[in-house]
Structures are given as structure tokens and as C-alpha cells.
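Chemist: Next comes the structure file my_file31.tsv, holding TSV, N, CA and C atoms.
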```
chain	number	residue	atom	x	y	z
A	240	MET	N	-219.23	-191.30	50.57
A	240	MET	CA	-220.51	-191.21	49.93
A	240	MET	C	-220.80	-189.76	49.53
A	241	ALA	N	-220.48	-188.83	50.42
A	241	ALA	CA	-220.73	-187.42	50.10
A	241	ALA	C	-219.94	-187.00	48.86
A	242	ARG	N	-218.74	-187.50	48.71
A	242	ARG	CA	-217.92	-187.18	47.53
A	242	ARG	C	-218.58	-187.74	46.27
A	243	ALA	N	-219.13	-188.95	46.36
A	243	ALA	CA	-219.80	-189.54	45.21
A	243	ALA	C	-221.05	-188.75	44.83
A	244	VAL	N	-221.80	-188.30	45.83
A	244	VAL	CA	-222.99	-187.49	45.56
A	244	VAL	C	-222.57	-186.15	44.94
A	245	PHE	N	-221.52	-185.57	45.43
A	245	PHE	CA	-221.06	-184.26	44.97
A	245	PHE	C	-220.40	-184.34	43.60
A	246	PHE	N	-219.92	-185.49	43.19
A	246	PHE	CA	-219.17	-185.64	41.95
A	246	PHE	C	-220.01	-185.32	40.72
A	247	HIS	N	-221.31	-185.40	40.83
A	247	HIS	CA	-222.16	-185.12	39.67
A	247	HIS	C	-221.86	-183.76	39.07
A	248	ARG	N	-221.47	-182.83	39.88
A	248	ARG	CA	-221.10	-181.48	39.41
A	248	ARG	C	-219.58	-181.39	39.22
A	249	LEU	N	-218.95	-182.53	39.01
A	249	LEU	CA	-217.49	-182.61	38.83
A	249	LEU	C	-216.75	-182.11	40.06
A	250	GLY	N	-217.37	-182.17	41.21
A	250	GLY	CA	-216.72	-181.80	42.45
A	250	GLY	C	-216.49	-180.31	42.61
A	251	GLU	N	-217.24	-179.51	41.88
A	251	GLU	CA	-217.05	-178.06	41.95
A	251	GLU	C	-218.34	-177.38	42.38
A	252	VAL	N	-218.19	-176.38	43.23
A	252	VAL	CA	-219.32	-175.53	43.57
A	252	VAL	C	-219.23	-174.33	42.65
A	253	ARG	N	-220.17	-174.23	41.74
A	253	ARG	CA	-220.10	-173.18	40.72
A	253	ARG	C	-220.94	-171.96	41.07
A	254	ASP	N	-221.59	-172.00	42.20
A	254	ASP	CA	-222.39	-170.85	42.62
A	254	ASP	C	-221.45	-169.74	43.09
A	255	ARG	N	-221.78	-168.52	42.74
A	255	ARG	CA	-220.89	-167.42	43.09
A	255	ARG	C	-221.16	-166.83	44.47
A	256	GLY	N	-222.41	-166.76	44.83
A	256	GLY	CA	-222.76	-166.14	46.10
A	256	GLY	C	-222.61	-167.10	47.27
A	257	PHE	N	-222.26	-166.52	48.43
A	257	PHE	CA	-222.09	-167.34	49.63
A	257	PHE	C	-223.38	-168.05	49.99
A	258	GLU	N	-224.52	-167.36	49.86
A	258	GLU	CA	-225.80	-167.97	50.21
A	258	GLU	C	-226.10	-169.17	49.30
A	259	GLN	N	-225.84	-169.04	48.01
A	259	GLN	CA	-226.07	-170.14	47.09
A	259	GLN	C	-225.12	-171.31	47.39
A	260	GLN	N	-223.88	-171.01	47.72
A	260	GLN	CA	-222.93	-172.06	48.09
A	260	GLN	C	-223.39	-172.77	49.36
A	261	SER	N	-223.87	-172.00	50.31
A	261	SER	CA	-224.36	-172.57	51.56
A	261	SER	C	-225.59	-173.45	51.31
A	262	ASN	N	-226.48	-173.02	50.44
A	262	ASN	CA	-227.66	-173.81	50.09
A	262	ASN	C	-227.25	-175.13	49.43
A	263	ARG	N	-226.28	-175.07	48.53
A	263	ARG	CA	-225.83	-176.28	47.85
A	263	ARG	C	-225.19	-177.25	48.85
A	264	ALA	N	-224.37	-176.74	49.76
A	264	ALA	CA	-223.75	-177.60	50.78
A	264	ALA	C	-224.81	-178.19	51.70
A	265	SER	N	-225.81	-177.42	52.06
A	265	SER	CA	-226.89	-177.93	52.91
A	265	SER	C	-227.68	-179.01	52.17
A	266	GLY	N	-227.90	-178.82	50.89
A	266	GLY	CA	-228.58	-179.84	50.09
A	266	GLY	C	-227.79	-181.13	50.02
A	267	LEU	N	-226.47	-181.02	49.88
A	267	LEU	CA	-225.60	-182.20	49.87
A	267	LEU	C	-225.71	-182.94	51.20
A	268	ASN	N	-225.67	-182.20	52.30
A	268	ASN	CA	-225.80	-182.83	53.63
A	268	ASN	C	-227.16	-183.49	53.79
A	269	LEU	N	-228.21	-182.85	53.32
A	269	LEU	CA	-229.56	-183.42	53.42
A	269	LEU	C	-229.67	-184.70	52.59
A	270	LEU	N	-229.14	-184.69	51.38
A	270	LEU	CA	-229.20	-185.87	50.53
A	270	LEU	C	-228.39	-187.02	51.13
A	271	THR	N	-227.22	-186.72	51.65
A	271	THR	CA	-226.40	-187.74	52.29
A	271	THR	C	-227.11	-188.33	53.51
A	272	ALA	N	-227.73	-187.48	54.32
A	272	ALA	CA	-228.46	-187.96	55.50
A	272	ALA	C	-229.66	-188.80	55.08
A	273	ALA	N	-230.33	-188.44	53.99
A	273	ALA	CA	-231.47	-189.22	53.51
A	273	ALA	C	-231.03	-190.61	53.06
A	274	ILE	N	-229.89	-190.71	52.39
A	274	ILE	CA	-229.37	-192.02	51.97
A	274	ILE	C	-229.02	-192.87	53.18
A	275	VAL	N	-228.38	-192.28	54.18
A	275	VAL	CA	-228.04	-193.02	55.39
A	275	VAL	C	-229.30	-193.49	56.11
A	276	LEU	N	-230.31	-192.63	56.19
A	276	LEU	CA	-231.57	-193.03	56.82
A	276	LEU	C	-232.22	-194.17	56.06
A	277	TRP	N	-232.30	-194.07	54.75
A	277	TRP	CA	-232.88	-195.12	53.91
A	277	TRP	C	-232.16	-196.44	54.15
A	278	ASN	N	-230.84	-196.40	54.13
A	278	ASN	CA	-230.05	-197.62	54.34
A	278	ASN	C	-230.26	-198.19	55.74
A	279	THR	N	-230.36	-197.33	56.74
A	279	THR	CA	-230.55	-197.79	58.12
A	279	THR	C	-231.89	-198.49	58.27
A	280	VAL	N	-232.94	-197.93	57.69
A	280	VAL	CA	-234.26	-198.55	57.77
A	280	VAL	C	-234.25	-199.92	57.10
A	281	TYR	N	-233.66	-200.01	55.93
A	281	TYR	CA	-233.65	-201.29	55.23
A	281	TYR	C	-232.70	-202.30	55.88
A	282	LEU	N	-231.61	-201.85	56.47
A	282	LEU	CA	-230.74	-202.78	57.22
A	282	LEU	C	-231.50	-203.35	58.42
A	283	GLN	N	-232.27	-202.53	59.09
A	283	GLN	CA	-233.08	-203.01	60.22
A	283	GLN	C	-234.10	-204.03	59.74
A	284	ARG	N	-234.78	-203.74	58.63
A	284	ARG	CA	-235.75	-204.68	58.09
A	284	ARG	C	-235.09	-205.99	57.69
A	285	ALA	N	-233.90	-205.91	57.09
A	285	ALA	CA	-233.19	-207.11	56.67
A	285	ALA	C	-232.77	-207.96	57.86
A	286	THR	N	-232.25	-207.32	58.91
A	286	THR	CA	-231.84	-208.09	60.08
A	286	THR	C	-233.05	-208.70	60.78
A	287	ASP	N	-234.17	-207.99	60.81
A	287	ASP	CA	-235.39	-208.55	61.40
A	287	ASP	C	-235.86	-209.77	60.61
A	288	ALA	N	-235.78	-209.69	59.28
A	288	ALA	CA	-236.19	-210.82	58.44
A	288	ALA	C	-235.26	-212.01	58.65
A	289	LEU	N	-233.97	-211.75	58.78
A	289	LEU	CA	-233.01	-212.85	59.03
A	289	LEU	C	-233.24	-213.49	60.39
A	290	ARG	N	-233.59	-212.68	61.38
A	290	ARG	CA	-233.88	-213.23	62.71
A	290	ARG	C	-235.11	-214.16	62.67
A	291	LYS	N	-236.07	-213.82	61.84
A	291	LYS	CA	-237.27	-214.67	61.72
A	291	LYS	C	-236.94	-215.99	61.03
A	292	GLN	N	-235.92	-215.99	60.16
A	292	GLN	CA	-235.56	-217.22	59.45
A	292	GLN	C	-234.79	-218.19	60.33
A	293	GLY	N	-234.12	-217.67	61.33
A	293	GLY	CA	-233.33	-218.55	62.19
A	293	GLY	C	-232.34	-217.74	63.00
A	294	PRO	N	-231.42	-218.42	63.67
A	294	PRO	CA	-230.46	-217.70	64.50
A	294	PRO	C	-229.57	-216.78	63.65
A	295	LEU	N	-229.28	-215.65	64.23
A	295	LEU	CA	-228.45	-214.65	63.56
A	295	LEU	C	-227.24	-214.38	64.44
A	296	ASP	N	-226.06	-214.35	63.87
A	296	ASP	CA	-224.84	-214.08	64.63
A	296	ASP	C	-224.80	-212.58	64.96
A	297	GLU	N	-225.24	-212.24	66.16
A	297	GLU	CA	-225.34	-210.84	66.59
A	297	GLU	C	-223.97	-210.16	66.64
A	298	ALA	N	-222.90	-210.93	66.75
A	298	ALA	CA	-221.55	-210.34	66.80
A	298	ALA	C	-221.17	-209.66	65.49
A	299	LEU	N	-221.85	-210.01	64.40
A	299	LEU	CA	-221.54	-209.41	63.10
A	299	LEU	C	-222.24	-208.06	62.89
A	300	LEU	N	-223.27	-207.78	63.65
A	300	LEU	CA	-224.05	-206.56	63.43
A	300	LEU	C	-223.25	-205.26	63.59
A	301	PRO	N	-222.27	-205.17	64.51
A	301	PRO	CA	-221.51	-203.91	64.59
A	301	PRO	C	-220.69	-203.61	63.33
A	302	TYR	N	-220.53	-204.59	62.47
A	302	TYR	CA	-219.75	-204.38	61.25
A	302	TYR	C	-220.60	-203.90	60.08
A	303	LEU	N	-221.90	-203.79	60.27
A	303	LEU	CA	-222.77	-203.23	59.23
A	303	LEU	C	-222.65	-201.71	59.22
A	304	SER	N	-222.77	-201.13	58.04
A	304	SER	CA	-222.69	-199.69	57.93
A	304	SER	C	-223.76	-199.19	56.95
A	305	PRO	N	-224.44	-198.12	57.30
A	305	PRO	CA	-225.44	-197.56	56.39
A	305	PRO	C	-224.85	-196.59	55.36
A	306	LEU	N	-223.53	-196.60	55.20
A	306	LEU	CA	-222.89	-195.62	54.31
A	306	LEU	C	-222.74	-196.10	52.88
A	307	GLY	N	-223.17	-197.32	52.56
A	307	GLY	CA	-223.07	-197.80	51.19
A	307	GLY	C	-223.98	-197.01	50.26
A	308	TRP	N	-223.55	-196.83	49.04
A	308	TRP	CA	-224.35	-196.05	48.10
A	308	TRP	C	-224.38	-196.66	46.70
A	309	GLU	N	-223.85	-197.86	46.54
A	309	GLU	CA	-223.78	-198.48	45.22
A	309	GLU	C	-225.16	-198.70	44.61
A	310	HIS	N	-226.17	-198.87	45.42
A	310	HIS	CA	-227.53	-199.12	44.95
A	310	HIS	C	-228.32	-197.83	44.70
A	311	ILE	N	-227.69	-196.69	44.91
A	311	ILE	CA	-228.36	-195.40	44.74
A	311	ILE	C	-227.97	-194.83	43.37
A	312	ASN	N	-228.97	-194.41	42.61
A	312	ASN	CA	-228.74	-193.80	41.30
A	312	ASN	C	-228.34	-192.35	41.51
A	313	LEU	N	-227.05	-192.05	41.37
A	313	LEU	CA	-226.56	-190.70	41.66
A	313	LEU	C	-226.60	-189.77	40.46
A	314	THR	N	-226.81	-190.29	39.26
A	314	THR	CA	-226.76	-189.43	38.09
A	314	THR	C	-228.07	-189.43	37.31
A	315	GLY	N	-229.10	-190.02	37.85
A	315	GLY	CA	-230.38	-190.09	37.14
A	315	GLY	C	-231.28	-188.92	37.48
A	316	ASP	N	-232.42	-188.93	36.85
A	316	ASP	CA	-233.44	-187.93	37.13
A	316	ASP	C	-234.38	-188.49	38.19
A	317	TYR	N	-234.75	-187.65	39.12
A	317	TYR	CA	-235.65	-188.05	40.19
A	317	TYR	C	-236.94	-187.27	40.05
A	318	VAL	N	-238.03	-187.98	39.98
A	318	VAL	CA	-239.34	-187.34	39.90
A	318	VAL	C	-240.15	-187.86	41.08
A	319	TRP	N	-240.51	-186.97	41.98
A	319	TRP	CA	-241.27	-187.35	43.15
A	319	TRP	C	-242.68	-186.80	43.01
A	320	ARG	N	-243.59	-187.71	42.85
A	320	ARG	CA	-245.00	-187.33	42.78
A	320	ARG	C	-245.66	-187.77	44.07
A	321	SER	N	-246.53	-186.95	44.58
A	321	SER	CA	-247.17	-187.28	45.86
A	321	SER	C	-248.01	-188.55	45.75
A	322	ARG	N	-248.56	-188.85	44.58
A	322	ARG	CA	-249.37	-190.06	44.42
A	322	ARG	C	-248.52	-191.32	44.39
A	323	SER	N	-247.25	-191.21	44.01
A	323	SER	CA	-246.41	-192.40	43.89
A	323	SER	C	-245.70	-192.75	45.19
A	324	VAL	N	-245.84	-191.93	46.21
A	324	VAL	CA	-245.20	-192.20	47.49
A	324	VAL	C	-245.99	-193.29	48.20
A	325	PRO	N	-245.31	-194.38	48.64
A	325	PRO	CA	-246.06	-195.44	49.33
A	325	PRO	C	-246.64	-194.93	50.65
A	326	SER	N	-247.73	-195.54	51.02
A	326	SER	CA	-248.36	-195.14	52.27
A	326	SER	C	-247.50	-195.54	53.46
A	327	GLN	N	-247.83	-195.02	54.62
A	327	GLN	CA	-247.06	-195.30	55.84
A	327	GLN	C	-246.92	-196.81	56.05
A	328	GLY	N	-245.71	-197.26	56.29
A	328	GLY	CA	-245.48	-198.66	56.59
A	328	GLY	C	-245.30	-199.55	55.38
A	329	ARG	N	-245.35	-199.03	54.18
A	329	ARG	CA	-245.15	-199.85	52.98
A	329	ARG	C	-243.75	-199.63	52.46
A	330	PHE	N	-243.07	-200.73	52.20
A	330	PHE	CA	-241.70	-200.68	51.70
A	330	PHE	C	-241.59	-201.56	50.48
A	331	ARG	N	-240.52	-201.39	49.75
A	331	ARG	CA	-240.20	-202.33	48.69
A	331	ARG	C	-239.82	-203.64	49.35
A	332	PRO	N	-240.13	-204.77	48.70
A	332	PRO	CA	-239.80	-206.06	49.32
A	332	PRO	C	-238.30	-206.31	49.40
A	333	LEU	N	-237.90	-207.01	50.42
A	333	LEU	CA	-236.50	-207.39	50.56
A	333	LEU	C	-236.19	-208.52	49.59
A	334	ARG	N	-234.95	-208.59	49.15
A	334	ARG	CA	-234.53	-209.71	48.30
A	334	ARG	C	-234.46	-210.98	49.14
A	335	PRO	N	-234.86	-212.11	48.58
A	335	PRO	CA	-234.75	-213.36	49.34
A	335	PRO	C	-233.28	-213.72	49.58
A	336	VAL	N	-233.01	-214.24	50.75
A	336	VAL	CA	-231.63	-214.59	51.13
A	336	VAL	C	-231.54	-216.09	51.34
A	337	LYS	N	-230.52	-216.68	50.76
A	337	LYS	CA	-230.26	-218.09	51.00
A	337	LYS	C	-229.15	-218.18	52.04
A	338	LEU	N	-229.47	-218.75	53.18
A	338	LEU	CA	-228.49	-218.88	54.24
A	338	LEU	C	-227.49	-219.98	53.91
A	339	ALA	N	-226.22	-219.73	54.21
A	339	ALA	CA	-225.18	-220.74	53.96
A	339	ALA	C	-225.36	-221.89	54.94
A	340	ALA	N	-225.14	-223.09	54.44
A	340	ALA	CA	-225.30	-224.28	55.30
A	340	ALA	C	-224.03	-224.58	56.06
```
Take the structure from the file and write it as C-alpha cells.
Modeler:
Amino acid sequence: MARAVFFHRLGEVRDRGFEQQSNRASGLNLLTAAIVLWNTVYLQRATDALRKQGPLDEALLPYLSPLGWEHINLTGDYVWRSRSVPSQGRFRPLRPVKLAA
């Protein structure tokens, strides 16, 4: 995932100074950690929702990983406005799941 995030700059650190290179690497680590945190929170919400629907095979949970990034827009523009941030405890809705019979 870190390689995919870093690829936007063609995988090159173009900053000349050590401090700028260090800042860019720290930013990459922060962004990667934010994606993992986002995925972890939503995986928890999804498993909680599945548990409410019926029995869940708990043996499958160790095979989940928060490292997926296919749903993250890595090359778009991000605009964060303080007014558009959802209030505490508000999330985007989960997709409905049809359980296999």
C-alpha cells in the first residue's frame, strides 16, 4: 500500500534537502497509517453489522486485513473543509450484504 501511495510521484523523492525528504517520508507514513485506521474502523463496523444479521464464522476474522487500498483515491484532489467533516460518531453507511444460503 505504501508503494501505491508513493507511486503518485513516480516513486521518486525529488526533494534535495534531508529535512524535506524526512518530511515527505513522514507524510507517507502518516497517510498510510490513516488508511489502515480508516479500514480498521470500517471492518469493525462491518463485522458488527454481520453479527447483528446472524451467526458469523469467527474463524474467518483473522484473515481480514486493513491493508487494502483499492477503494482509496490515490491520484485525486483532496479538499478537507471543517464544515464537511461528519460529527463524532457519524459514518458513511455500509453497503448491504446478502448472505450466502
Chemist: Just give me the gap between CA of Trp308 in chain A and atom N of Phe330 in chain A in Å, one decimal is fine.
Modeler: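 Distance reported for this atom pair: 19.7 Å.
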Chemist: Would you mind reading off the distance between atom C of Asn278 in chain A and atom N of Ser304 in chain A, one decimal, in Å?
Modeler: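 Interatomic distance here is 8.4 Å.
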Chemist: Taking the DSSP assignment computed from this structure's backbone, write out as a list in words all residues of range 277-316 of chain A that belong to alpha helix (DSSP H).
Modeler: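 In range 277-316 of chain A, DSSP puts these residues in alpha helix (DSSP H): Trp277, Asn278, Thr279, Val280, Tyr281, Leu282, Gln283, Arg284, Ala285, Thr286, Asp287, Ala288, Leu289, Arg290, Lys291 and Gln292 of chain A.
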Chemist: For those residues, write N, CA and C atoms to a file as a PDB file, keeping the file's coordinate frame.
Modeler:
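The resulting file, again.pdb, is reproduced below:
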```pdb
ATOM      1  N   TRP A 277    -232.300-194.070  54.750  1.00  0.00           N
ATOM      2  CA  TRP A 277    -232.880-195.120  53.910  1.00  0.00           C
ATOM      3  C   TRP A 277    -232.160-196.440  54.150  1.00  0.00           C
ATOM      4  N   ASN A 278    -230.840-196.400  54.130  1.00  0.00           N
ATOM      5  CA  ASN A 278    -230.050-197.620  54.340  1.00  0.00           C
ATOM      6  C   ASN A 278    -230.260-198.190  55.740  1.00  0.00           C
ATOM      7  N   THR A 279    -230.360-197.330  56.740  1.00  0.00           N
ATOM      8  CA  THR A 279    -230.550-197.790  58.120  1.00  0.00           C
ATOM      9  C   THR A 279    -231.890-198.490  58.270  1.00  0.00           C
ATOM     10  N   VAL A 280    -232.940-197.930  57.690  1.00  0.00           N
ATOM     11  CA  VAL A 280    -234.260-198.550  57.770  1.00  0.00           C
ATOM     12  C   VAL A 280    -234.250-199.920  57.100  1.00  0.00           C
ATOM     13  N   TYR A 281    -233.660-200.010  55.930  1.00  0.00           N
ATOM     14  CA  TYR A 281    -233.650-201.290  55.230  1.00  0.00           C
ATOM     15  C   TYR A 281    -232.700-202.300  55.880  1.00  0.00           C
ATOM     16  N   LEU A 282    -231.610-201.850  56.470  1.00  0.00           N
ATOM     17  CA  LEU A 282    -230.740-202.780  57.220  1.00  0.00           C
ATOM     18  C   LEU A 282    -231.500-203.350  58.420  1.00  0.00           C
ATOM     19  N   GLN A 283    -232.270-202.530  59.090  1.00  0.00           N
ATOM     20  CA  GLN A 283    -233.080-203.010  60.220  1.00  0.00           C
ATOM     21  C   GLN A 283    -234.100-204.030  59.740  1.00  0.00           C
ATOM     22  N   ARG A 284    -234.780-203.740  58.630  1.00  0.00           N
ATOM     23  CA  ARG A 284    -235.750-204.680  58.090  1.00  0.00           C
ATOM     24  C   ARG A 284    -235.090-205.990  57.690  1.00  0.00           C
ATOM     25  N   ALA A 285    -233.900-205.910  57.090  1.00  0.00           N
ATOM     26  CA  ALA A 285    -233.190-207.110  56.670  1.00  0.00           C
ATOM     27  C   ALA A 285    -232.770-207.960  57.860  1.00  0.00           C
ATOM     28  N   THR A 286    -232.250-207.320  58.910  1.00  0.00           N
ATOM     29  CA  THR A 286    -231.840-208.090  60.080  1.00  0.00           C
ATOM     30  C   THR A 286    -233.050-208.700  60.780  1.00  0.00           C
ATOM     31  N   ASP A 287    -234.170-207.990  60.810  1.00  0.00           N
ATOM     32  CA  ASP A 287    -235.390-208.550  61.400  1.00  0.00           C
ATOM     33  C   ASP A 287    -235.860-209.770  60.610  1.00  0.00           C
ATOM     34  N   ALA A 288    -235.780-209.690  59.280  1.00  0.00           N
ATOM     35  CA  ALA A 288    -236.190-210.820  58.440  1.00  0.00           C
ATOM     36  C   ALA A 288    -235.260-212.010  58.650  1.00  0.00           C
ATOM     37  N   LEU A 289    -233.970-211.750  58.780  1.00  0.00           N
ATOM     38  CA  LEU A 289    -233.010-212.850  59.030  1.00  0.00           C
ATOM     39  C   LEU A 289    -233.240-213.490  60.390  1.00  0.00           C
ATOM     40  N   ARG A 290    -233.590-212.680  61.380  1.00  0.00           N
ATOM     41  CA  ARG A 290    -233.880-213.230  62.710  1.00  0.00           C
ATOM     42  C   ARG A 290    -235.110-214.160  62.670  1.00  0.00           C
ATOM     43  N   LYS A 291    -236.070-213.820  61.840  1.00  0.00           N
ATOM     44  CA  LYS A 291    -237.270-214.670  61.720  1.00  0.00           C
ATOM     45  C   LYS A 291    -236.940-215.990  61.030  1.00  0.00           C
ATOM     46  N   GLN A 292    -235.920-215.990  60.160  1.00  0.00           N
ATOM     47  CA  GLN A 292    -235.560-217.220  59.450  1.00  0.00           C
ATOM     48  C   GLN A 292    -234.790-218.190  60.330  1.00  0.00           C
TER      49      GLN A 292
END
```
Chemist: Kindly give the distance, in Å, that separates CA of Arg290 in chain A and CA of Tyr302 in chain A, rounded to a single decimal.
Modeler: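 That distance, rounded to one decimal, is 16.7 Å.
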Chemist: Of the candidates A:Thr314, A:Ala288, A:Trp277, A:Pro294, which shows the shortest atom-to-atom distance to Pro335 in chain A, using only C-alpha atoms?
Modeler: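 Using only C-alpha atoms, Pro335 in chain A sits closest to A:Ala288.
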